[in-house]
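Okay, model32.txt now, which holds compact mmCIF, C-alpha atoms and all ligand atoms:
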```
# COMPACT_ATOMS: atom_id res chain seq x y z
CA MET A 1 -22.81 15.02 -9.78
CA LYS A 2 -23.42 14.53 -6.07
CA THR A 3 -20.33 13.88 -3.95
CA ILE A 4 -19.86 12.57 -0.42
CA ILE A 5 -16.47 13.06 1.22
CA TYR A 6 -15.82 11.02 4.35
CA TYR A 7 -13.11 12.53 6.54
CA PHE A 8 -11.27 11.85 9.75
CA THR A 9 -9.21 14.50 11.52
CA GLY A 10 -7.29 14.96 14.76
CA THR A 11 -6.01 18.51 14.38
CA GLY A 12 -7.97 19.84 11.41
CA ASN A 13 -5.70 19.31 8.38
CA SER A 14 -7.83 16.65 6.75
CA LEU A 15 -11.08 18.54 7.37
CA ALA A 16 -9.58 21.74 5.93
CA ALA A 17 -8.40 19.72 2.89
CA ALA A 18 -11.81 18.07 2.46
CA ARG A 19 -13.55 21.45 2.61
CA LYS A 20 -11.29 22.91 -0.07
CA ILE A 21 -11.99 20.02 -2.42
CA ALA A 22 -15.73 20.24 -1.65
CA ALA A 23 -15.79 23.96 -2.47
CA VAL A 24 -14.49 23.26 -5.98
CA LEU A 25 -16.76 20.25 -6.60
CA GLY A 26 -20.05 21.80 -5.44
CA ASP A 27 -23.05 19.64 -4.37
CA CYS A 28 -20.82 17.93 -1.83
CA GLU A 29 -21.63 16.56 1.62
CA LEU A 30 -18.89 16.14 4.22
CA VAL A 31 -19.44 13.18 6.53
CA PRO A 32 -17.15 12.52 9.51
CA VAL A 33 -16.01 8.89 9.73
CA ALA A 34 -16.19 9.30 13.52
CA SER A 35 -19.96 9.88 13.30
CA LEU A 36 -20.30 6.28 12.04
CA GLN A 37 -18.10 4.60 14.64
CA ASP A 38 -20.96 3.20 16.72
CA THR A 39 -22.92 1.91 13.75
CA THR A 40 -22.60 -1.53 12.18
CA GLY A 41 -23.14 -3.07 8.75
CA ASP A 42 -22.51 -1.87 5.22
CA ILE A 43 -22.32 1.80 4.36
CA HIS A 44 -24.02 2.81 1.10
CA PRO A 45 -22.99 6.38 0.28
CA GLY A 46 -25.79 7.07 -2.21
CA ALA A 47 -23.63 9.48 -4.20
CA ASP A 48 -22.15 9.38 -7.70
CA ARG A 49 -18.73 10.42 -6.43
CA VAL A 50 -17.20 9.29 -3.13
CA GLY A 51 -14.04 10.52 -1.44
CA ILE A 52 -12.08 9.69 1.69
CA VAL A 53 -9.73 12.27 3.24
CA CYS A 54 -7.60 11.39 6.26
CA PRO A 55 -4.19 11.68 7.91
CA VAL A 56 -1.39 9.12 7.66
CA TYR A 57 -0.52 7.24 10.85
CA PHE A 58 2.61 5.10 10.89
CA THR A 59 2.62 5.04 7.08
CA GLY A 60 -0.94 3.71 7.06
CA LEU A 61 -4.53 4.67 7.78
CA PRO A 62 -6.03 5.67 11.12
CA VAL A 63 -7.54 2.44 12.45
CA MET A 64 -11.03 3.97 12.51
CA VAL A 65 -10.71 4.82 8.81
CA ALA A 66 -9.44 1.34 7.92
CA SER A 67 -12.41 -0.29 9.61
CA PHE A 68 -14.83 2.23 8.05
CA ALA A 69 -13.41 1.48 4.56
CA GLY A 70 -14.05 -2.21 5.14
CA ARG A 71 -17.77 -1.42 5.39
CA LEU A 72 -18.01 0.86 2.39
CA ASP A 73 -20.11 -0.46 -0.49
CA LEU A 74 -19.11 1.43 -3.63
CA SER A 75 -21.32 -0.48 -6.05
CA GLY A 76 -23.67 2.50 -6.51
CA SER A 77 -20.93 5.08 -7.16
CA GLN A 78 -19.29 6.05 -10.43
CA TYR A 79 -16.06 7.58 -9.16
CA MET A 80 -14.06 7.11 -5.99
CA PHE A 81 -11.01 9.09 -4.80
CA SER A 82 -8.84 9.22 -1.74
CA VAL A 83 -6.63 11.95 -0.31
CA VAL A 84 -4.12 11.49 2.51
CA THR A 85 -2.48 14.35 4.39
CA PRO A 86 0.90 13.06 5.62
CA GLY A 87 3.35 15.25 7.50
CA GLY A 88 6.01 13.99 5.13
CA PHE A 89 6.42 10.24 4.71
CA GLY A 90 4.25 7.24 3.95
CA GLY A 91 1.48 8.66 1.76
CA PRO A 92 1.76 6.00 -0.98
CA SER A 93 1.64 3.12 1.49
CA ALA A 94 -1.46 4.57 3.20
CA LEU A 95 -3.17 4.97 -0.20
CA ARG A 96 -2.20 1.41 -1.11
CA GLN A 97 -3.62 0.13 2.16
CA LEU A 98 -6.92 1.83 1.35
CA ASP A 99 -6.83 0.43 -2.20
CA GLY A 100 -6.42 -3.07 -0.80
CA ILE A 101 -9.27 -2.72 1.70
CA LEU A 102 -11.69 -1.36 -0.92
CA LYS A 103 -10.65 -3.97 -3.47
CA ARG A 104 -11.39 -6.74 -0.98
CA ARG A 105 -14.67 -5.13 0.09
CA SER A 106 -16.12 -3.84 -3.17
CA GLY A 107 -13.95 -5.54 -5.76
CA ARG A 108 -12.91 -2.09 -6.82
CA ARG A 109 -9.94 0.22 -6.19
CA PRO A 110 -10.29 4.02 -5.94
CA ASP A 111 -10.09 5.69 -9.35
CA ALA A 112 -7.59 8.16 -8.00
CA GLY A 113 -5.34 8.54 -4.96
CA PHE A 114 -3.64 11.78 -3.94
CA MET A 115 -1.43 12.96 -1.14
CA VAL A 116 -0.85 16.44 0.09
CA LYS A 117 1.84 17.31 2.62
CA MET A 118 0.39 19.09 5.65
CA PRO A 119 1.99 20.16 8.96
CA SER A 120 2.94 17.10 11.02
CA ASN A 121 1.05 16.80 14.29
CA TYR A 122 2.85 13.74 15.72
CA ILE A 123 3.97 15.61 18.80
CA LEU A 124 4.97 12.42 20.63
CA MET A 125 7.86 12.05 18.20
CA TYR A 126 8.56 15.45 16.61
CA GLU A 127 8.25 19.16 17.22
CA PRO A 128 5.27 20.25 15.07
CA PRO A 129 6.09 23.06 12.62
CA SER A 130 5.11 26.56 13.68
CA GLY A 131 5.35 30.18 12.49
CA LYS A 132 6.59 30.86 8.94
CA LYS A 133 7.48 27.22 8.29
CA CYS A 134 3.94 26.13 9.09
CA GLU A 135 2.47 28.91 6.94
CA GLN A 136 4.64 27.81 4.01
CA ILE A 137 3.52 24.19 4.28
CA LEU A 138 -0.14 25.25 4.40
CA ALA A 139 0.28 27.63 1.45
CA ALA A 140 1.90 24.88 -0.65
CA ALA A 141 -0.89 22.49 0.38
CA ASP A 142 -3.51 24.99 -0.80
CA VAL A 143 -1.98 25.06 -4.28
CA GLN A 144 -1.87 21.26 -4.40
CA LEU A 145 -5.44 20.94 -3.14
CA GLU A 146 -6.69 23.20 -5.90
CA ASP A 147 -5.05 20.85 -8.46
CA ILE A 148 -6.42 17.77 -6.69
CA ALA A 149 -9.94 19.22 -6.66
CA GLN A 150 -9.75 19.98 -10.39
CA ALA A 151 -8.46 16.47 -11.08
CA VAL A 152 -11.36 14.97 -9.10
CA LYS A 153 -13.82 17.24 -10.89
CA ASN A 154 -12.47 15.92 -14.20
CA SER A 155 -12.75 12.31 -12.95
CA ALA A 156 -8.99 11.87 -13.39
CA LYS A 157 -7.51 8.41 -12.90
CA THR A 158 -4.26 8.07 -11.01
CA GLY A 159 -2.67 5.30 -8.97
CA PRO A 160 -1.49 5.56 -5.37
CA GLY A 161 2.20 5.74 -6.31
CA TYR A 162 4.88 3.55 -4.81
CA SER A 163 7.74 4.06 -2.40
CA LEU A 164 9.83 1.03 -1.42
CA LEU A 165 10.96 2.74 1.77
CA ALA A 166 7.39 3.58 2.78
CA ARG A 167 6.29 0.03 1.93
CA LEU A 168 9.01 -1.44 4.14
CA ALA A 169 8.24 1.00 6.95
CA HIS A 170 4.56 0.08 6.64
CA LEU A 171 5.30 -3.64 6.95
CA LEU A 172 7.59 -3.01 9.90
CA PHE A 173 5.68 -0.44 11.94
CA TYR A 174 1.99 -0.31 10.98
CA PRO A 175 0.81 -3.71 12.28
CA ARG A 176 2.26 -3.00 15.72
CA PHE A 177 0.71 0.49 15.74
CA ALA A 178 -2.71 -0.82 14.67
CA SER A 179 -2.79 -3.64 17.20
CA ARG A 180 -1.91 -1.40 20.16
CA VAL A 181 -3.30 2.01 19.29
CA HIS A 182 -6.43 1.86 21.45
CA ASP A 183 -4.23 1.41 24.52
CA ASP A 184 -1.71 4.06 23.55
CA ASP A 185 -3.59 6.55 25.69
CA ARG A 186 -1.83 4.97 28.69
CA LYS A 187 1.02 7.33 27.78
CA PHE A 188 -1.22 10.36 28.34
CA SER A 189 -1.41 12.36 31.55
CA VAL A 190 -2.75 15.69 32.72
CA ASN A 191 -0.96 18.20 34.93
CA ASP A 192 -2.09 20.91 37.34
CA ARG A 193 -2.67 23.42 34.57
CA CYS A 194 -5.92 21.56 33.77
CA THR A 195 -8.89 23.91 34.27
CA SER A 196 -11.52 21.16 33.90
CA CYS A 197 -12.89 22.94 30.82
CA GLY A 198 -13.81 19.63 29.16
CA THR A 199 -12.44 20.55 25.72
CA CYS A 200 -10.50 17.27 25.50
CA ALA A 201 -13.63 15.17 26.09
CA ALA A 202 -15.70 17.27 23.70
CA ILE A 203 -13.28 17.17 20.77
CA CYS A 204 -11.99 13.58 20.99
CA PRO A 205 -13.21 11.89 17.77
CA ALA A 206 -13.02 8.43 19.38
CA LYS A 207 -15.24 9.37 22.36
CA ASN A 208 -12.31 8.18 24.42
CA ILE A 209 -12.20 10.83 27.16
CA GLU A 210 -14.43 11.33 30.18
CA LEU A 211 -14.03 13.94 32.89
CA VAL A 212 -13.86 12.30 36.29
CA GLY A 213 -13.57 14.73 39.18
CA GLY A 214 -12.96 17.45 36.60
CA ARG A 215 -9.95 15.66 35.08
CA PRO A 216 -9.69 13.72 31.80
CA VAL A 217 -9.66 9.94 32.00
CA TRP A 218 -8.77 8.01 28.83
CA LYS A 219 -10.88 4.91 28.16
CA HIS A 220 -8.55 2.91 25.90
CA ARG A 221 -10.32 3.36 22.59
CA CYS A 222 -7.73 5.88 21.46
CA GLU A 223 -6.92 6.57 17.79
CA LEU A 224 -3.73 8.45 18.77
CA CYS A 225 -4.89 11.48 16.75
CA CYS A 226 -3.24 13.70 19.40
CA GLY A 227 -6.20 16.12 19.29
CA CYS A 228 -6.49 16.20 23.10
CA ILE A 229 -2.83 17.22 23.46
CA HIS A 230 -2.93 19.87 20.74
CA LEU A 231 -6.34 21.41 21.48
CA CYS A 232 -6.17 21.64 25.28
CA PRO A 233 -6.29 25.42 25.83
CA ALA A 234 -4.11 25.11 28.95
CA GLU A 235 -1.59 22.75 27.27
CA ALA A 236 -2.11 20.55 30.32
CA ILE A 237 -2.15 17.19 28.51
CA GLN A 238 1.19 15.47 28.03
CA ALA A 239 2.55 12.17 26.74
CA GLY A 240 5.85 11.57 28.49
CA LYS A 241 8.34 14.38 29.08
CA GLN A 242 8.89 15.55 25.50
CA THR A 243 5.47 17.03 24.84
CA ALA A 244 5.88 19.57 27.68
CA VAL A 245 8.48 21.47 25.63
CA ARG A 246 6.89 21.13 22.18
CA VAL A 247 4.56 23.60 20.47
CA ARG A 248 0.92 22.66 19.91
CA TYR A 249 -0.60 22.58 16.44
CA ARG A 250 -4.07 23.01 15.04
CA ASN A 251 -5.08 23.83 11.51
CA PRO A 252 -5.95 27.55 11.59
CA GLU A 253 -9.15 27.04 9.55
CA VAL A 254 -10.77 24.55 11.91
CA ASN A 255 -12.39 25.52 15.21
CA ASN A 256 -13.53 23.66 18.33
CA ALA A 257 -17.13 23.47 17.11
CA ASP A 258 -15.89 21.61 14.01
CA PHE A 259 -13.99 19.11 16.13
CA LYS A 260 -16.98 18.58 18.42
CA ALA A 261 -19.27 18.04 15.44
CA GLN A 262 -17.05 15.24 14.15
CA LYS A 263 -18.58 12.66 16.50
CA GLY A 264 -22.04 13.46 15.15
CA ASP A 265 -23.66 13.41 18.64
C1 LIG B 301 0.00 8.80 15.54
C2 LIG B 301 0.47 9.60 14.35
C3 LIG B 301 1.28 8.99 13.41
C4 LIG B 301 1.69 9.71 12.28
N1 LIG B 301 2.44 9.07 11.33
C5 LIG B 301 2.79 9.72 10.22
C6 LIG B 301 3.52 9.05 9.18
O1 LIG B 301 3.80 7.85 9.25
N2 LIG B 301 3.89 9.76 8.10
C7 LIG B 301 3.58 11.09 7.97
O2 LIG B 301 3.94 11.69 6.97
N3 LIG B 301 2.86 11.76 8.92
C8 LIG B 301 2.46 11.09 10.03
N4 LIG B 301 1.71 11.75 10.98
C9 LIG B 301 1.32 13.16 10.74
C10 LIG B 301 -0.13 13.32 10.23
O3 LIG B 301 -0.42 12.37 9.22
C11 LIG B 301 -0.33 14.73 9.65
O4 LIG B 301 0.08 15.72 10.52
C12 LIG B 301 -1.80 14.97 9.27
O5 LIG B 301 -1.86 16.07 8.41
C13 LIG B 301 -2.68 15.24 10.46
O6 LIG B 301 -3.98 15.39 9.98
P1 LIG B 301 -5.20 15.91 10.86
O7 LIG B 301 -4.86 17.34 11.27
O8 LIG B 301 -6.34 15.87 9.93
O9 LIG B 301 -5.33 15.03 12.03
C14 LIG B 301 1.31 11.07 12.11
C15 LIG B 301 0.50 11.67 13.09
C16 LIG B 301 0.08 10.96 14.19
C17 LIG B 301 -0.79 11.64 15.21
```
Take the structure I supplied and represent it as structure tokens, if you would.
Ligand SMILES: Cc1cc2nc3c(=O)[nH]c(=O)nc-3n(C[C@H](O)[C@H](O)[C@H](O)COP(=O)(O)O)c2cc1C
Amino acid sequence: MKTIIYYFTGTGNSLAAARKIAAVLGDCELVPVASLQDTTGDIHPGADRVGIVCPVYFTGLPVMVASFAGRLDLSGSQYMFSVVTPGGFGGPSALRQLDGILKRRSGRRPDAGFMVKMPSNYILMYEPPSGKKCEQILAAADVQLEDIAQAVKNSAKTGPGYSLLARLAHLLFYPRFASRVHDDDRKFSVNDRCTSCGTCAAICPAKNIELVGGRPVWKHRCELCCGCIHLCPAEAIQAGKQTAVRVRYRNPEVNNADFKAQKGD
């Protein structure tokens, strides 16, 4: 059974998760959602089994993933699954959002929705986990991902789950996030530690960063994935004062070449 997994990632968790599921399924192609961002029209996967793997942003989907899902035609596929990788809260509401989009688009909900807790990368609000704590979260995620992959392989059916708190938080916070996210890069700045290496521009999945005079300039098509902050080798990119004192995070199994490849250029 041929599988296509579409993924979106800012700091590598969702790509690492997608790869682990793919390894169990076999005959599986990984396609970055970001590689389709400049295309238009319906997307026909041409695979029997289709998956989407992505982070949770403000208890919902990254905006790029939501708009991608609205173009996805699942009529030629037998089985569809989704996996979200929240740092802790809001997985069910993100899965439900995806269900709703696909139902409206294809008249069909995913057959199964899963969530797996991964290290939280929302550095604007929290200190990302590091050291032993981070290792423990990743080890627990590996166990869960093995189960998820087996469930997908067996064409298991499971709903997205429900959390009243997450639902309320989604109604309260997600619309505001989604309507302003592209401009959220106005919070970003770069300090004198910048070495003009260009990593930020190369890894940004939204093609939102250009180097001007050797310094990053954000072009207001931000997804707020925080990749530029976390992956800058000089830790020169900040968002307000808090990020200067917080540790950076990247999934240890994902490298810069993987992030660069995400745009599909
Ligand atoms: C803008 C933003 C908002 C986030 N909101 C949530 C959230 O509502 N709930 C949650 O559990 N995690 C949240 N996170 C954490 C990510 O979903 C989590 O770290 C994810 O594993 C990152 O995946 P990635 O490495 O593939 O980008 C947020 C992260 C960012 C950058």
Using only C-alpha atoms and all ligand atoms, which residues of the polymer chains come no farther than 8 Å from ligand LIG 301 (chain B)? I'd like the answer as a PDB file with C-alpha atoms, keeping the file's coordinate frame.
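Resulting contents of out_20.pdb:
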```
ATOM      1  CA  PHE A   8     -11.270  11.850   9.750  1.00  0.00           C
ATOM      2  CA  THR A   9      -9.210  14.500  11.520  1.00  0.00           C
ATOM      3  CA  GLY A  10      -7.290  14.960  14.760  1.00  0.00           C
ATOM      4  CA  THR A  11      -6.010  18.510  14.380  1.00  0.00           C
ATOM      5  CA  GLY A  12      -7.970  19.840  11.410  1.00  0.00           C
ATOM      6  CA  ASN A  13      -5.700  19.310   8.380  1.00  0.00           C
ATOM      7  CA  SER A  14      -7.830  16.650   6.750  1.00  0.00           C
ATOM      8  CA  LEU A  15     -11.080  18.540   7.370  1.00  0.00           C
ATOM      9  CA  ALA A  16      -9.580  21.740   5.930  1.00  0.00           C
ATOM     10  CA  CYS A  54      -7.600  11.390   6.260  1.00  0.00           C
ATOM     11  CA  PRO A  55      -4.190  11.680   7.910  1.00  0.00           C
ATOM     12  CA  VAL A  56      -1.390   9.120   7.660  1.00  0.00           C
ATOM     13  CA  TYR A  57      -0.520   7.240  10.850  1.00  0.00           C
ATOM     14  CA  PHE A  58       2.610   5.100  10.890  1.00  0.00           C
ATOM     15  CA  THR A  59       2.620   5.040   7.080  1.00  0.00           C
ATOM     16  CA  GLY A  60      -0.940   3.710   7.060  1.00  0.00           C
ATOM     17  CA  VAL A  84      -4.120  11.490   2.510  1.00  0.00           C
ATOM     18  CA  THR A  85      -2.480  14.350   4.390  1.00  0.00           C
ATOM     19  CA  PRO A  86       0.900  13.060   5.620  1.00  0.00           C
ATOM     20  CA  GLY A  87       3.350  15.250   7.500  1.00  0.00           C
ATOM     21  CA  GLY A  88       6.010  13.990   5.130  1.00  0.00           C
ATOM     22  CA  PHE A  89       6.420  10.240   4.710  1.00  0.00           C
ATOM     23  CA  GLY A  90       4.250   7.240   3.950  1.00  0.00           C
ATOM     24  CA  GLY A  91       1.480   8.660   1.760  1.00  0.00           C
ATOM     25  CA  LYS A 117       1.840  17.310   2.620  1.00  0.00           C
ATOM     26  CA  MET A 118       0.390  19.090   5.650  1.00  0.00           C
ATOM     27  CA  PRO A 119       1.990  20.160   8.960  1.00  0.00           C
ATOM     28  CA  SER A 120       2.940  17.100  11.020  1.00  0.00           C
ATOM     29  CA  ASN A 121       1.050  16.800  14.290  1.00  0.00           C
ATOM     30  CA  TYR A 122       2.850  13.740  15.720  1.00  0.00           C
ATOM     31  CA  ILE A 123       3.970  15.610  18.800  1.00  0.00           C
ATOM     32  CA  LEU A 124       4.970  12.420  20.630  1.00  0.00           C
ATOM     33  CA  GLU A 223      -6.920   6.570  17.790  1.00  0.00           C
ATOM     34  CA  LEU A 224      -3.730   8.450  18.770  1.00  0.00           C
ATOM     35  CA  CYS A 225      -4.890  11.480  16.750  1.00  0.00           C
ATOM     36  CA  CYS A 226      -3.240  13.700  19.400  1.00  0.00           C
ATOM     37  CA  GLY A 227      -6.200  16.120  19.290  1.00  0.00           C
ATOM     38  CA  ARG A 250      -4.070  23.010  15.040  1.00  0.00           C
ATOM     39  CA  ASN A 251      -5.080  23.830  11.510  1.00  0.00           C
TER      40      ASN A 251
END
```
Taking (4.2, 20.8, 27.7) in the file's coordinates as the center, which residues reach within 12 Å of it, counting only C-alpha atoms, put as a compact mmCIF listing (two decimals) with C-alpha atoms, in the coordinates of the input?
```txt
# COMPACT_ATOMS: atom_id res chain seq x y z
CA ILE A 123 3.97 15.61 18.80
CA LEU A 124 4.97 12.42 20.63
CA GLU A 127 8.25 19.16 17.22
CA PHE A 188 -1.22 10.36 28.34
CA SER A 189 -1.41 12.36 31.55
CA VAL A 190 -2.75 15.69 32.72
CA ASN A 191 -0.96 18.20 34.93
CA ASP A 192 -2.09 20.91 37.34
CA ARG A 193 -2.67 23.42 34.57
CA CYS A 194 -5.92 21.56 33.77
CA ILE A 229 -2.83 17.22 23.46
CA HIS A 230 -2.93 19.87 20.74
CA CYS A 232 -6.17 21.64 25.28
CA PRO A 233 -6.29 25.42 25.83
CA ALA A 234 -4.11 25.11 28.95
CA GLU A 235 -1.59 22.75 27.27
CA ALA A 236 -2.11 20.55 30.32
CA ILE A 237 -2.15 17.19 28.51
CA GLN A 238 1.19 15.47 28.03
CA ALA A 239 2.55 12.17 26.74
CA GLY A 240 5.85 11.57 28.49
CA LYS A 241 8.34 14.38 29.08
CA GLN A 242 8.89 15.55 25.50
CA THR A 243 5.47 17.03 24.84
CA ALA A 244 5.88 19.57 27.68
CA VAL A 245 8.48 21.47 25.63
CA ARG A 246 6.89 21.13 22.18
CA VAL A 247 4.56 23.60 20.47
CA ARG A 248 0.92 22.66 19.91
```
Requested in this report: May I ask which of the residues A:Gly131, A:Pro92, A:Pro205, A:Gly113 is the closest one to His170 (chain A), counting only C-alpha atoms?
Outcome: A:Pro92
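In this structure, CA of Arg49 (chain A) sits 5.8 Å away from CA of Ser77 (chain A).
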Report task. Write out as a VMD selection string the residues lying within 12 Å of Asp48 (chain A), counting only C-alpha atoms and excluding same-chain residues fewer than 6 positions away. Result -> chain A and resid 1 to 5 27 to 29 74 to 81 153 155
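Across the structure, CA of Leu95 (chain A) and CA of Met115 (chain A) are spaced 8.2 Å apart.
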So that each row is one residue of region 31-59 of chain A with an atom at most 12 Å from region 254-261 of chain A, can you give its shortest atom pair and the distance in Å to one decimal, using all atoms listed in the file, rows by chain and rising number, as a Markdown table?
```
| residue | atom | partner | partner_atom | distance |
| --- | --- | --- | --- | --- |
| A:Val31 | CA | A:Ala261 | CA | 10.2 |
| A:Pro32 | CA | A:Ala261 | CA | 8.4 |
| A:Val33 | CA | A:Ala261 | CA | 11.3 |
| A:Ala34 | CA | A:Ala261 | CA | 9.5 |
| A:Ser35 | CA | A:Ala261 | CA | 8.5 |
```
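Interatomic distance, CA of Pro160 (chain A) against CA of Ser82 (chain A): 9.0 Å.
Using only C-alpha atoms, the set of residues no farther than 10 Å from the position (-10.2, 15.9, 38.1) comprises Val190, Asp192, Cys194, Thr195, Ser196, Leu211, Val212, Gly213, Gly214, Arg215, Pro216 and Val217 of chain A.
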